$ cat query.cif   # mmCIF, C-alpha atoms
data_coords
#
loop_
_atom_site.label_atom_id
_atom_site.label_comp_id
_atom_site.auth_asym_id
_atom_site.auth_seq_id
_atom_site.Cartn_x
_atom_site.Cartn_y
_atom_site.Cartn_z
CA MET A 1 0.00 0.00 0.00
CA THR A 2 1.30 3.45 -0.84
CA GLN A 3 2.84 5.28 2.11
CA TYR A 4 2.81 9.07 2.26
CA SER A 5 5.68 10.88 3.97
CA ASP A 6 5.08 14.00 6.01
CA VAL A 7 7.66 16.74 6.44
CA ALA A 8 7.39 18.26 9.90
CA THR A 9 8.52 21.81 9.10
CA PRO A 10 6.93 24.99 10.42
CA ALA A 11 4.29 26.66 8.27
CA VAL A 12 1.85 29.51 8.71
CA ALA A 13 -1.38 28.36 10.38
CA ALA A 14 -0.11 24.79 10.37
CA PRO A 15 -0.89 22.41 13.20
CA ALA A 16 1.68 22.11 15.94
CA PRO A 17 4.54 19.74 15.08
CA VAL A 18 4.24 16.24 16.49
CA ARG A 19 6.70 13.46 16.90
CA ASP A 20 6.14 11.28 13.91
CA SER A 21 7.92 8.42 12.24
CA GLY A 22 7.39 10.10 8.88
CA LYS A 23 4.88 7.55 7.62
CA ALA A 24 1.20 7.20 8.30
CA PRO A 25 0.29 3.84 9.82
CA ALA A 26 -0.83 1.41 7.13
CA GLY A 27 -4.16 0.77 8.83
CA ARG A 28 -5.19 4.40 8.47
CA LEU A 29 -4.37 4.40 4.76
CA ILE A 30 -6.17 1.10 4.32
CA GLY A 31 -9.23 2.66 5.92
CA LEU A 32 -9.13 5.49 3.39
CA ASP A 33 -8.81 2.99 0.55
CA LEU A 34 -11.83 1.14 1.91
CA ALA A 35 -13.79 4.41 1.88
CA ARG A 36 -12.66 5.11 -1.69
CA GLY A 37 -13.74 1.63 -2.76
CA LEU A 38 -17.18 2.14 -1.26
CA ALA A 39 -17.42 5.54 -2.98
CA VAL A 40 -16.59 3.92 -6.33
CA PHE A 41 -19.24 1.24 -5.84
CA GLY A 42 -21.73 3.91 -4.82
CA MET A 43 -21.11 5.67 -8.12
CA TYR A 44 -21.52 2.33 -9.92
CA ALA A 45 -24.90 1.99 -8.19
CA ALA A 46 -25.93 5.48 -9.26
CA HIS A 47 -25.08 4.73 -12.89
CA VAL A 48 -25.66 1.02 -13.58
CA GLY A 49 -27.86 0.05 -10.66
CA PRO A 50 -31.63 -0.34 -10.55
CA ASP A 51 -33.74 2.80 -10.59
CA PRO A 52 -34.49 3.95 -7.01
CA ASP A 53 -38.09 4.50 -8.10
CA GLN A 54 -38.63 0.74 -7.98
CA GLY A 55 -38.89 1.06 -4.21
CA GLY A 56 -38.25 -1.62 -1.63
CA VAL A 57 -34.92 -2.30 0.04
CA THR A 58 -33.02 -2.28 -3.26
CA GLY A 59 -34.52 1.06 -4.31
CA PHE A 60 -33.71 2.55 -0.90
CA LEU A 61 -30.08 1.39 -1.07
CA MET A 62 -29.72 2.74 -4.60
CA GLU A 63 -31.12 6.09 -3.49
CA LEU A 64 -28.62 6.27 -0.63
CA ALA A 65 -25.82 5.97 -3.19
CA HIS A 66 -27.09 8.74 -5.44
CA GLY A 67 -25.13 11.95 -4.88
CA ARG A 68 -23.73 10.89 -1.52
CA SER A 69 -21.10 8.61 -3.08
CA SER A 70 -19.83 11.43 -5.31
CA ALA A 71 -19.80 13.76 -2.28
CA LEU A 72 -17.68 11.15 -0.46
CA PHE A 73 -15.40 11.07 -3.51
CA ALA A 74 -14.99 14.87 -3.31
CA PHE A 75 -14.42 14.73 0.45
CA LEU A 76 -11.66 12.17 -0.09
CA ALA A 77 -10.11 14.52 -2.66
CA GLY A 78 -9.44 16.92 0.19
CA LEU A 79 -7.66 14.22 2.14
CA ALA A 80 -5.60 13.44 -0.97
CA VAL A 81 -4.47 17.07 -1.31
CA VAL A 82 -3.25 17.09 2.28
CA LEU A 83 -1.58 13.68 2.00
CA ILE A 84 0.37 14.93 -1.03
CA THR A 85 1.35 18.30 0.43
CA GLY A 86 2.13 17.11 3.98
CA ARG A 87 -0.44 15.80 6.42
CA ARG A 88 0.55 16.77 9.97
CA ALA A 89 2.68 19.72 8.80
CA PRO A 90 2.59 21.19 5.27
CA LYS A 91 5.74 20.76 3.26
CA THR A 92 7.77 23.90 2.67
CA GLY A 93 10.77 24.93 0.62
CA ARG A 94 11.67 22.77 -2.34
CA ALA A 95 9.58 19.87 -1.03
CA GLY A 96 6.59 22.18 -0.79
CA ARG A 97 7.02 23.50 -4.32
CA GLN A 98 7.31 19.97 -5.66
CA ALA A 99 4.21 18.87 -3.74
CA VAL A 100 2.24 21.80 -5.16
CA ALA A 101 3.45 20.92 -8.65
CA LYS A 102 2.28 17.33 -8.16
CA VAL A 103 -1.21 18.54 -7.30
CA VAL A 104 -1.27 20.89 -10.30
CA ILE A 105 -0.10 18.16 -12.70
CA ARG A 106 -2.70 15.78 -11.29
CA ALA A 107 -5.40 18.42 -11.70
CA VAL A 108 -4.48 19.18 -15.31
CA ILE A 109 -4.55 15.48 -16.20
CA LEU A 110 -7.94 15.03 -14.55
CA LEU A 111 -9.30 18.06 -16.38
CA ALA A 112 -8.05 16.72 -19.72
CA VAL A 113 -9.19 13.12 -19.19
CA GLY A 114 -12.57 14.14 -17.76
CA THR A 115 -13.27 16.53 -20.62
CA ALA A 116 -12.24 13.94 -23.22
CA LEU A 117 -14.51 11.31 -21.68
CA THR A 118 -17.43 13.73 -21.53
CA MET A 119 -16.97 14.85 -25.13
CA GLY A 120 -16.75 11.17 -26.14
CA GLY A 121 -20.48 10.91 -25.57
CA THR A 122 -20.71 8.85 -22.38
CA PRO A 123 -24.18 9.04 -20.80
CA VAL A 124 -22.56 9.44 -17.38
CA ASP A 125 -21.97 12.84 -15.78
CA VAL A 126 -18.20 12.39 -15.54
CA ILE A 127 -16.76 13.84 -12.34
CA LEU A 128 -13.06 13.77 -13.25
CA ALA A 129 -12.79 17.24 -14.84
CA PHE A 130 -14.66 18.76 -11.90
CA TYR A 131 -12.34 16.83 -9.58
CA GLY A 132 -9.33 18.39 -11.30
CA LEU A 133 -10.74 21.90 -10.86
CA TYR A 134 -11.40 21.23 -7.17
CA PHE A 135 -7.71 20.45 -6.70
CA LEU A 136 -6.70 23.77 -8.24
CA LEU A 137 -9.25 25.83 -6.31
CA VAL A 138 -8.33 24.49 -2.87
CA LEU A 139 -4.56 24.32 -3.38
CA PRO A 140 -3.95 27.86 -1.98
CA LEU A 141 -5.35 26.58 1.33
CA TYR A 142 -2.96 23.67 1.77
CA ARG A 143 -0.89 25.35 4.52
CA LEU A 144 -3.86 26.01 6.79
CA GLY A 145 -4.59 24.02 9.91
CA ALA A 146 -7.70 22.04 10.78
CA GLY A 147 -9.48 24.95 12.49
CA PRO A 148 -9.19 27.51 9.68
CA LEU A 149 -10.02 24.86 7.08
CA ALA A 150 -13.13 23.79 8.99
CA ALA A 151 -14.21 27.44 9.28
CA ILE A 152 -13.73 28.00 5.54
CA ALA A 153 -15.62 24.79 4.74
CA ALA A 154 -18.52 25.95 6.91
CA GLY A 155 -18.45 29.45 5.44
CA THR A 156 -18.43 28.28 1.85
CA ALA A 157 -21.23 25.80 2.59
CA LEU A 158 -23.34 28.61 4.04
CA VAL A 159 -22.65 31.24 1.36
CA LEU A 160 -21.80 29.62 -1.98
CA PRO A 161 -25.12 27.79 -2.60
CA GLN A 162 -26.91 31.14 -2.47
CA VAL A 163 -24.28 32.65 -4.77
CA LEU A 164 -24.76 29.76 -7.19
CA TYR A 165 -28.52 30.31 -7.22
CA VAL A 166 -28.04 34.00 -8.04
CA VAL A 167 -25.50 33.20 -10.75
CA GLN A 168 -27.77 30.60 -12.31
CA GLN A 169 -30.62 33.09 -12.29
CA ALA A 170 -28.37 35.57 -14.07
CA ILE A 171 -27.45 32.94 -16.64
CA GLY A 172 -31.15 32.25 -17.20
CA ASN A 173 -33.79 29.82 -15.99
CA SER A 174 -33.87 27.92 -19.26
CA ASP A 175 -31.91 24.70 -18.88
CA VAL A 176 -29.79 26.14 -16.06
CA ARG A 177 -28.34 22.77 -15.13
CA SER A 178 -26.64 21.03 -18.03
CA PRO A 179 -25.21 17.77 -16.74
CA GLY A 180 -23.59 15.71 -19.47
CA GLY A 181 -22.47 18.75 -21.47
CA PRO A 182 -18.86 19.53 -22.41
CA ASP A 183 -16.84 20.55 -19.40
CA GLY A 184 -16.27 24.21 -20.22
CA ILE A 185 -15.47 26.63 -17.42
CA VAL A 186 -19.12 27.70 -17.02
CA SER A 187 -20.17 24.06 -16.69
CA LEU A 188 -17.36 23.27 -14.27
CA LEU A 189 -18.09 26.23 -12.04
CA PHE A 190 -21.84 26.76 -12.27
CA THR A 191 -24.05 24.61 -14.48
CA GLY A 192 -22.59 21.10 -14.55
CA ALA A 193 -23.55 18.08 -12.52
CA TYR A 194 -20.91 18.85 -9.87
CA PRO A 195 -20.51 22.66 -9.93
CA ALA A 196 -17.30 23.65 -8.18
CA LEU A 197 -18.99 26.55 -6.45
CA THR A 198 -20.96 24.17 -4.23
CA TRP A 199 -18.67 21.13 -4.23
CA ILE A 200 -15.44 22.63 -2.94
CA PRO A 201 -16.87 22.74 0.63
CA PHE A 202 -16.67 18.92 0.56
CA VAL A 203 -13.01 19.08 -0.48
CA ILE A 204 -12.09 21.70 2.11
CA ALA A 205 -13.87 19.68 4.82
CA GLY A 206 -11.80 16.66 3.78
CA MET A 207 -8.64 18.74 4.10
CA ALA A 208 -9.65 19.80 7.61
CA VAL A 209 -10.26 16.20 8.68
CA ALA A 210 -6.93 15.11 7.19
CA ARG A 211 -5.12 17.54 9.50
CA LEU A 212 -6.42 15.71 12.59
CA ASP A 213 -4.81 12.79 14.40
CA LEU A 214 -7.03 10.16 12.82
CA ALA A 215 -5.40 7.39 14.87
CA ALA A 216 -6.74 8.83 18.13
CA THR A 217 -9.94 7.26 19.40
CA ALA A 218 -11.13 10.54 20.92
CA VAL A 219 -10.71 12.30 17.57
CA ARG A 220 -12.67 9.60 15.78
CA ILE A 221 -15.48 9.80 18.32
CA ARG A 222 -15.69 13.58 17.91
CA LEU A 223 -15.67 13.19 14.14
CA ALA A 224 -18.45 10.61 14.25
CA LEU A 225 -20.56 12.88 16.47
CA THR A 226 -19.85 15.87 14.23
CA GLY A 227 -20.85 13.86 11.19
CA ALA A 228 -24.08 12.75 12.85
CA ALA A 229 -24.88 16.34 13.86
CA LEU A 230 -24.34 17.53 10.29
CA VAL A 231 -26.57 14.77 8.91
CA ILE A 232 -29.34 15.70 11.33
CA THR A 233 -28.93 19.42 10.66
CA GLY A 234 -28.89 19.00 6.88
CA TYR A 235 -31.55 16.40 6.22
CA GLY A 236 -33.56 17.06 9.38
CA GLY A 237 -33.50 20.80 8.77
CA SER A 238 -34.77 20.34 5.24
CA TRP A 239 -37.52 17.97 6.39
CA LEU A 240 -38.60 20.48 9.02
CA LEU A 241 -38.65 23.44 6.62
CA LEU A 242 -40.62 21.54 3.97
CA HIS A 243 -43.20 20.59 6.60
CA VAL A 244 -43.39 24.07 8.13
CA PHE A 245 -43.72 25.55 4.63
CA PRO A 246 -45.62 22.88 2.66
CA GLY A 247 -46.00 25.29 -0.23
CA ALA A 248 -42.27 24.96 -0.83
CA ALA A 249 -42.53 21.21 -1.41
CA ASN A 250 -45.46 21.79 -3.74
CA ALA A 251 -43.52 24.44 -5.65
CA ILE A 252 -40.56 22.08 -6.05
CA GLY A 253 -42.81 19.25 -7.18
CA ALA A 254 -44.51 21.52 -9.72
CA SER A 255 -41.14 22.68 -11.11
CA THR A 256 -39.97 19.18 -12.07
CA SER A 257 -41.35 16.64 -14.49
CA ALA A 258 -40.72 13.89 -11.93
CA GLY A 259 -42.66 15.61 -9.16
CA GLY A 260 -41.84 14.24 -5.71
CA GLY A 261 -41.27 17.59 -4.01
CA ALA A 262 -42.02 16.14 -0.58
CA SER A 263 -39.03 13.78 -0.78
CA VAL A 264 -36.38 16.36 -1.67
CA TRP A 265 -35.26 16.55 1.95
CA TRP A 266 -33.15 13.46 1.23
CA SER A 267 -33.92 11.98 -2.23
CA ASP A 268 -32.93 13.22 -5.68
CA THR A 269 -35.78 11.43 -7.45
CA ALA A 270 -37.26 14.86 -8.17
CA GLY A 271 -34.26 15.53 -10.41
CA TYR A 272 -32.00 18.55 -10.72
CA PRO A 273 -33.16 22.00 -9.54
CA SER A 274 -34.96 23.77 -12.36
CA GLY A 275 -34.01 27.23 -11.13
CA ASP A 276 -37.55 28.58 -11.41
CA THR A 277 -38.34 28.63 -7.69
CA PRO A 278 -36.25 29.63 -4.65
CA ALA A 279 -38.04 26.87 -2.73
CA TRP A 280 -35.23 24.58 -3.92
CA LEU A 281 -32.98 26.28 -1.37
CA MET A 282 -34.88 24.38 1.33
CA ALA A 283 -34.07 21.00 -0.22
CA ALA A 284 -31.28 18.73 1.00
CA SER A 285 -31.38 16.15 -1.77
CA PRO A 286 -28.06 15.29 -3.41
CA HIS A 287 -27.36 17.53 -6.40
CA SER A 288 -29.77 20.20 -5.15
CA GLU A 289 -26.62 22.28 -4.43
CA THR A 290 -28.01 23.83 -1.25
CA THR A 291 -26.48 24.56 2.12
CA LEU A 292 -28.60 21.84 3.74
CA SER A 293 -27.57 19.33 1.08
CA ILE A 294 -23.88 20.09 1.63
CA LEU A 295 -24.24 19.78 5.40
CA GLY A 296 -26.05 16.45 5.17
CA SER A 297 -23.71 14.90 2.59
CA THR A 298 -20.59 16.16 4.39
CA GLY A 299 -21.84 14.60 7.59
CA ALA A 300 -22.47 11.30 5.81
CA ALA A 301 -18.95 11.42 4.30
CA ILE A 302 -17.33 12.11 7.68
CA MET A 303 -19.21 9.22 9.26
CA ALA A 304 -18.28 6.88 6.41
CA VAL A 305 -14.57 7.71 6.55
CA THR A 306 -14.49 7.52 10.34
CA ALA A 307 -16.23 4.14 10.29
CA CYS A 308 -13.82 2.77 7.67
CA LEU A 309 -10.77 3.96 9.62
CA ALA A 310 -12.06 2.56 12.90
CA ALA A 311 -13.19 -0.74 11.40
CA THR A 312 -9.93 -1.52 9.61
CA ASP A 313 -7.95 -0.78 12.77
CA ALA A 314 -10.20 -2.58 15.25
CA LEU A 315 -11.11 -5.59 13.10
CA PRO A 316 -7.98 -7.04 11.46
CA ARG A 317 -10.07 -9.79 9.85
CA LEU A 318 -12.09 -7.15 8.08
CA GLN A 319 -9.00 -6.12 6.17
CA SER A 320 -8.77 -9.63 4.73
CA LEU A 321 -12.49 -9.87 4.00
CA ALA A 322 -12.62 -6.41 2.46
CA ARG A 323 -9.34 -6.72 0.56
CA PRO A 324 -11.04 -6.69 -2.86
CA VAL A 325 -12.88 -3.47 -1.97
CA ILE A 326 -9.68 -1.97 -0.56
CA ALA A 327 -7.87 -2.93 -3.77
CA VAL A 328 -10.50 -1.09 -5.81
CA GLY A 329 -10.11 1.95 -3.55
CA SER A 330 -6.35 1.96 -4.06
CA MET A 331 -6.94 2.35 -7.81
CA SER A 332 -10.15 4.36 -7.76
CA MET A 333 -9.43 6.33 -10.94
CA THR A 334 -8.85 3.11 -12.89
CA ALA A 335 -12.02 1.60 -11.43
CA TYR A 336 -14.04 4.71 -12.26
CA VAL A 337 -12.87 4.89 -15.88
CA PHE A 338 -13.34 1.11 -16.20
CA HIS A 339 -17.04 1.43 -15.50
CA LEU A 340 -17.40 4.22 -18.07
CA PHE A 341 -15.94 1.99 -20.78
CA GLY A 342 -18.06 -0.89 -19.51
CA ILE A 343 -21.21 1.19 -19.93
CA ARG A 344 -20.13 2.14 -23.44
CA PHE A 345 -19.22 -1.45 -24.38
CA LEU A 346 -22.51 -2.87 -23.12
CA GLY A 347 -24.52 -0.10 -24.76
CA ILE A 348 -26.22 0.91 -21.51
CA GLU A 349 -28.17 4.12 -22.10
CA GLU A 350 -30.78 4.23 -19.32
CA LEU A 351 -28.97 5.49 -16.23
CA PRO A 352 -29.96 4.32 -13.72
CA GLY A 353 -32.27 1.48 -14.64
CA SER A 354 -30.19 -1.65 -15.20
CA PRO A 355 -31.13 -4.89 -13.43
CA LEU A 356 -29.38 -5.60 -10.14
CA HIS A 357 -27.23 -8.33 -11.67
CA VAL A 358 -25.61 -5.78 -13.99
CA LEU A 359 -24.48 -3.70 -11.01
CA LEU A 360 -23.22 -6.79 -9.21
CA GLY A 361 -21.34 -7.80 -12.35
CA PHE A 362 -19.57 -4.42 -12.53
CA ILE A 363 -18.65 -4.63 -8.85
CA ALA A 364 -17.38 -8.20 -9.15
CA ALA A 365 -15.34 -7.42 -12.27
CA ALA A 366 -13.72 -4.40 -10.62
CA MET A 367 -12.85 -6.36 -7.48
CA VAL A 368 -11.38 -9.28 -9.41
CA PHE A 369 -9.28 -7.03 -11.62
CA ALA A 370 -8.07 -4.85 -8.74
CA THR A 371 -7.24 -7.84 -6.54
CA VAL A 372 -5.26 -9.61 -9.25
CA TRP A 373 -3.51 -6.45 -10.43
CA SER A 374 -2.50 -5.46 -6.88
CA ARG A 375 -0.67 -8.77 -6.47
CA PHE A 376 1.80 -7.67 -9.14
CA GLN A 377 1.71 -3.88 -9.06
CA GLN A 378 1.47 -1.40 -6.19
CA ARG A 379 -0.66 1.04 -8.20
CA GLY A 380 -3.47 0.68 -10.70
CA PRO A 381 -2.76 1.26 -14.42
CA LEU A 382 -3.99 4.85 -14.51
CA GLU A 383 -2.53 5.56 -11.08
CA TRP A 384 0.85 4.34 -12.36
CA LEU A 385 0.63 6.72 -15.32
CA MET A 386 -0.41 9.53 -12.99
CA THR A 387 2.59 8.84 -10.75
CA LYS A 388 4.91 8.92 -13.74
CA ALA A 389 3.46 12.25 -14.84
CA THR A 390 3.60 13.85 -11.40
CA GLY A 391 7.15 12.58 -11.08
CA LEU A 392 8.13 15.49 -13.31
CA ALA A 393 7.71 17.66 -10.24
CA ARG A 394 11.02 16.38 -8.88
CA HIS A 395 12.83 18.61 -11.39
CA ILE A 396 11.47 21.74 -9.71
CA PRO A 397 14.30 23.43 -7.78
#

$ encode --input "query.cif" --output "structure tokens"
Amino acid sequence: MTQYSDVATPAVAAPAPVRDSGKAPAGRLIGLDLARGLAVFGMYAAHVGPDPDQGGVTGFLMELAHGRSSALFAFLAGLAVVLITGRRAPKTGRAGRQAVAKVVIRAVILLAVGTALTMGGTPVDVILAFYGLYFLLVLPLYRLGAGPLAAIAAGTALVLPQVLYVVQQAIGNSDVRSPGGPDGIVSLLFTGAYPALTWIPFVIAGMAVARLDLAATAVRIRLALTGAALVITGYGGSWLLLHVFPGAANAIGASTSAGGGASVWWSDTAGYPSGDTPAWLMAASPHSETTLSILGSTGAAIMAVTACLAATDALPRLQSLARPVIAVGSMSMTAYVFHLFGIRFLGIEELPGSPLHVLLGFIAAAMVFATVWSRFQQRGPLEWLMTKATGLARHIP
């Protein structure tokens, strides 16, 4: 498993130096890989799983994956930025410049690959180009400590959704959201499926969490409680508002062809916000791009990561049982692109809507490939290429 070295050198607003061996314990990294694997499978479920509208246990589980898995993916991007640039203390000097260059190179590659995949006509709303932009937007914050990062995450979550609504109104109500379109700067920032304006709070929150001592039980307990509080505030707050102001739910239902305004406190079955009613700002459904949605999904991401870290440390047998999922998480970019080509190869056009066995087939294929590949190579195919490309940063003086 890849080990990330930390350079304990002073930096402005950095956490206090700690005595450290220079490497993060393997169990903590394995826990993050487990979380990445689950995020990948959640995105599989959102794309090639059964339609949540079918109801029942399967429909409920599919609905849980929609939006929340991509939010977890973005949250983990924040942890990745900090792991690259120095976890307990940001890297400075030449090491710092090289770390920054690695992030920039990674971002440019993701922007290029994501845009190419989108323009290739895939029916999936490809997240990779957005992911690359997130890296660039949060990079100036990499020297900050957990407290300032958490404050910025909270501030952006409170302010930017309202800014996005105003910007989208200025752009025009007609087809404001354009998921699936080419990843131009307007799409990446404002109108795409994962607009950076309302998704960078997830990344910044991930950076804040990465600054903490994730091996400490007390820290994990506080994180779990914080995550639960955010989930209750986000989804519970939306539920309360939609019941106190029932006209808002009716307005949302009337603004979408799918209807279902009453369920937008947690479900995205109503679709993307149409932009023709401010009532959407009371929703917390994934992809509604509201403050309440960001709070709820961030809380869910924190709880998921905390649970994965705690489980892999406390239950050694789980590491063996979950090894295929962990292997997928260690090569999440490869696994993500794999499913895009799989969708294209199989000619799947209705997303979601495939039978359950199709989803299980994608998951099984990814786990088999990742498990076999990891026996011979430390990194996945695309991760290996990414490492080679970012290796150019070593030439920076």

$ closest_residue --input "query.cif" --among "A:Gly271, A:Gly78, A:Gly296, A:Pro278" --to "Ala157 (chain A)" --atoms "all atoms listed in the file"
A:Gly296

$ residues_near_point --input "query.cif" --point "(7.5, 23.9, -0.8)" --cutoff "12 Å" --atoms "only C-alpha atoms" --output "mmCIF file with C-alpha atoms, in the frame of the given file"
data_model
loop_
_atom_site.group_PDB
_atom_site.id
_atom_site.type_symbol
_atom_site.label_atom_id
_atom_site.label_comp_id
_atom_site.auth_asym_id
_atom_site.auth_seq_id
_atom_site.Cartn_x
_atom_site.Cartn_y
_atom_site.Cartn_z
ATOM 1 C CA VAL A 7 7.660 16.740 6.440
ATOM 2 C CA THR A 9 8.520 21.810 9.100
ATOM 3 C CA PRO A 10 6.930 24.990 10.420
ATOM 4 C CA ALA A 11 4.290 26.660 8.270
ATOM 5 C CA ILE A 84 0.370 14.930 -1.030
ATOM 6 C CA THR A 85 1.350 18.300 0.430
ATOM 7 C CA GLY A 86 2.130 17.110 3.980
ATOM 8 C CA ALA A 89 2.680 19.720 8.800
ATOM 9 C CA PRO A 90 2.590 21.190 5.270
ATOM 10 C CA LYS A 91 5.740 20.760 3.260
ATOM 11 C CA THR A 92 7.770 23.900 2.670
ATOM 12 C CA GLY A 93 10.770 24.930 0.620
ATOM 13 C CA ARG A 94 11.670 22.770 -2.340
ATOM 14 C CA ALA A 95 9.580 19.870 -1.030
ATOM 15 C CA GLY A 96 6.590 22.180 -0.790
ATOM 16 C CA ARG A 97 7.020 23.500 -4.320
ATOM 17 C CA GLN A 98 7.310 19.970 -5.660
ATOM 18 C CA ALA A 99 4.210 18.870 -3.740
ATOM 19 C CA VAL A 100 2.240 21.800 -5.160
ATOM 20 C CA ALA A 101 3.450 20.920 -8.650
ATOM 21 C CA LYS A 102 2.280 17.330 -8.160
ATOM 22 C CA TYR A 142 -2.960 23.670 1.770
ATOM 23 C CA ARG A 143 -0.890 25.350 4.520
ATOM 24 C CA ALA A 393 7.710 17.660 -10.240
ATOM 25 C CA ARG A 394 11.020 16.380 -8.880
ATOM 26 C CA ILE A 396 11.470 21.740 -9.710
ATOM 27 C CA PRO A 397 14.300 23.430 -7.780
#

$ atom_distance --input "query.cif" --atom1 "CA of Leu242 (chain A)" --atom2 "CA of Leu223 (chain A)"
28.2 Å

$ resolve_selection --input "query.cif" --expression "the PyMOL selection byres ((chain A and resi 217) around 12)" --output "PyMOL selection string"
chain A and resi 212-216+218-224+306-307+309-311+313-314

$ atom_distance --input "query.cif" --atom1 "CA of Val40 (chain A)" --atom2 "CA of Tyr336 (chain A)"
6.5 Å

$ residues_around --input "query.cif" --residues "region 315-320 of chain A" --least-positions-apart "3" --cutoff "12 Å" --atoms "only C-alpha atoms" --output "compact mmCIF listing (two decimals) with C-alpha atoms, in the frame of the given file"
# COMPACT_ATOMS: atom_id res chain seq x y z
CA ALA A 26 -0.83 1.41 7.13
CA GLY A 27 -4.16 0.77 8.83
CA ARG A 28 -5.19 4.40 8.47
CA LEU A 29 -4.37 4.40 4.76
CA ILE A 30 -6.17 1.10 4.32
CA GLY A 31 -9.23 2.66 5.92
CA LEU A 32 -9.13 5.49 3.39
CA ASP A 33 -8.81 2.99 0.55
CA LEU A 34 -11.83 1.14 1.91
CA ALA A 307 -16.23 4.14 10.29
CA CYS A 308 -13.82 2.77 7.67
CA LEU A 309 -10.77 3.96 9.62
CA ALA A 310 -12.06 2.56 12.90
CA ALA A 311 -13.19 -0.74 11.40
CA THR A 312 -9.93 -1.52 9.61
CA ARG A 323 -9.34 -6.72 0.56
CA PRO A 324 -11.04 -6.69 -2.86
CA VAL A 325 -12.88 -3.47 -1.97
CA ILE A 326 -9.68 -1.97 -0.56
CA ALA A 327 -7.87 -2.93 -3.77
CA THR A 371 -7.24 -7.84 -6.54

$ atom_distance --input "query.cif" --atom1 "CA of Leu111 (chain A)" --atom2 "CA of Phe41 (chain A)"
22.2 Å

$ closest_atom_pairs --input "query.cif" --of "region 67-120 of chain A" --to "region 195-211 of chain A" --cutoff "10 Å" --atoms "all atoms listed in the file" --output "Markdown table"
| residue | atom | partner | partner_atom | distance |
| --- | --- | --- | --- | --- |
| A:Ser70 | CA | A:Trp199 | CA | 9.8 |
| A:Ala71 | CA | A:Phe202 | CA | 6.7 |
| A:Leu72 | CA | A:Phe202 | CA | 7.9 |
| A:Phe73 | CA | A:Val203 | CA | 8.9 |
| A:Ala74 | CA | A:Val203 | CA | 5.4 |
| A:Phe75 | CA | A:Gly206 | CA | 4.7 |
| A:Leu76 | CA | A:Gly206 | CA | 5.9 |
| A:Ala77 | CA | A:Val203 | CA | 5.8 |
| A:Gly78 | CA | A:Val203 | CA | 4.2 |
| A:Leu79 | CA | A:Met207 | CA | 5.0 |
| A:Ala80 | CA | A:Met207 | CA | 7.9 |
| A:Val81 | CA | A:Met207 | CA | 7.0 |
| A:Val82 | CA | A:Met207 | CA | 5.9 |
| A:Leu83 | CA | A:Ala210 | CA | 7.6 |
| A:Gly86 | CA | A:Arg211 | CA | 9.1 |
| A:Arg87 | CA | A:Arg211 | CA | 5.9 |
| A:Arg88 | CA | A:Arg211 | CA | 5.7 |
| A:Ala89 | CA | A:Arg211 | CA | 8.1 |
| A:Pro90 | CA | A:Arg211 | CA | 9.5 |

$ resolve_selection --input "query.cif" --expression "the PyMOL selection byres ((chain A and resi 126-134) around 9)" --output "PyMOL selection string"
chain A and resi 70+73-74+77-78+104+106-115+117-118+122-125+135-139+179-180+183+188-189+192-196+199-200+203+333+340

$ write_last_selection --input "query.cif" --atoms "C-alpha atoms" --output "compact mmCIF listing (two decimals), in the frame of the given file"
# COMPACT_ATOMS: atom_id res chain seq x y z
CA SER A 70 -19.83 11.43 -5.31
CA PHE A 73 -15.40 11.07 -3.51
CA ALA A 74 -14.99 14.87 -3.31
CA ALA A 77 -10.11 14.52 -2.66
CA GLY A 78 -9.44 16.92 0.19
CA VAL A 104 -1.27 20.89 -10.30
CA ARG A 106 -2.70 15.78 -11.29
CA ALA A 107 -5.40 18.42 -11.70
CA VAL A 108 -4.48 19.18 -15.31
CA ILE A 109 -4.55 15.48 -16.20
CA LEU A 110 -7.94 15.03 -14.55
CA LEU A 111 -9.30 18.06 -16.38
CA ALA A 112 -8.05 16.72 -19.72
CA VAL A 113 -9.19 13.12 -19.19
CA GLY A 114 -12.57 14.14 -17.76
CA THR A 115 -13.27 16.53 -20.62
CA LEU A 117 -14.51 11.31 -21.68
CA THR A 118 -17.43 13.73 -21.53
CA THR A 122 -20.71 8.85 -22.38
CA PRO A 123 -24.18 9.04 -20.80
CA VAL A 124 -22.56 9.44 -17.38
CA ASP A 125 -21.97 12.84 -15.78
CA PHE A 135 -7.71 20.45 -6.70
CA LEU A 136 -6.70 23.77 -8.24
CA LEU A 137 -9.25 25.83 -6.31
CA VAL A 138 -8.33 24.49 -2.87
CA LEU A 139 -4.56 24.32 -3.38
CA PRO A 179 -25.21 17.77 -16.74
CA GLY A 180 -23.59 15.71 -19.47
CA ASP A 183 -16.84 20.55 -19.40
CA LEU A 188 -17.36 23.27 -14.27
CA LEU A 189 -18.09 26.23 -12.04
CA GLY A 192 -22.59 21.10 -14.55
CA ALA A 193 -23.55 18.08 -12.52
CA TYR A 194 -20.91 18.85 -9.87
CA PRO A 195 -20.51 22.66 -9.93
CA ALA A 196 -17.30 23.65 -8.18
CA TRP A 199 -18.67 21.13 -4.23
CA ILE A 200 -15.44 22.63 -2.94
CA VAL A 203 -13.01 19.08 -0.48
CA MET A 333 -9.43 6.33 -10.94
CA LEU A 340 -17.40 4.22 -18.07

$ closest_residue --input "query.cif" --among "A:Leu141, A:Ile302, A:Leu360, A:Ala366" --to "Ser330 (chain A)" --atoms "all atoms listed in the file"
A:Ala366

$ resolve_selection --input "query.cif" --expression "the PyMOL selection byres ((chain A and resi 343-358) around 8)" --output "JSON, numbers by chain"
{"A": [45, 46, 47, 48, 49, 50, 51, 122, 123, 124, 339, 340, 341, 342, 359, 360, 361, 362]}
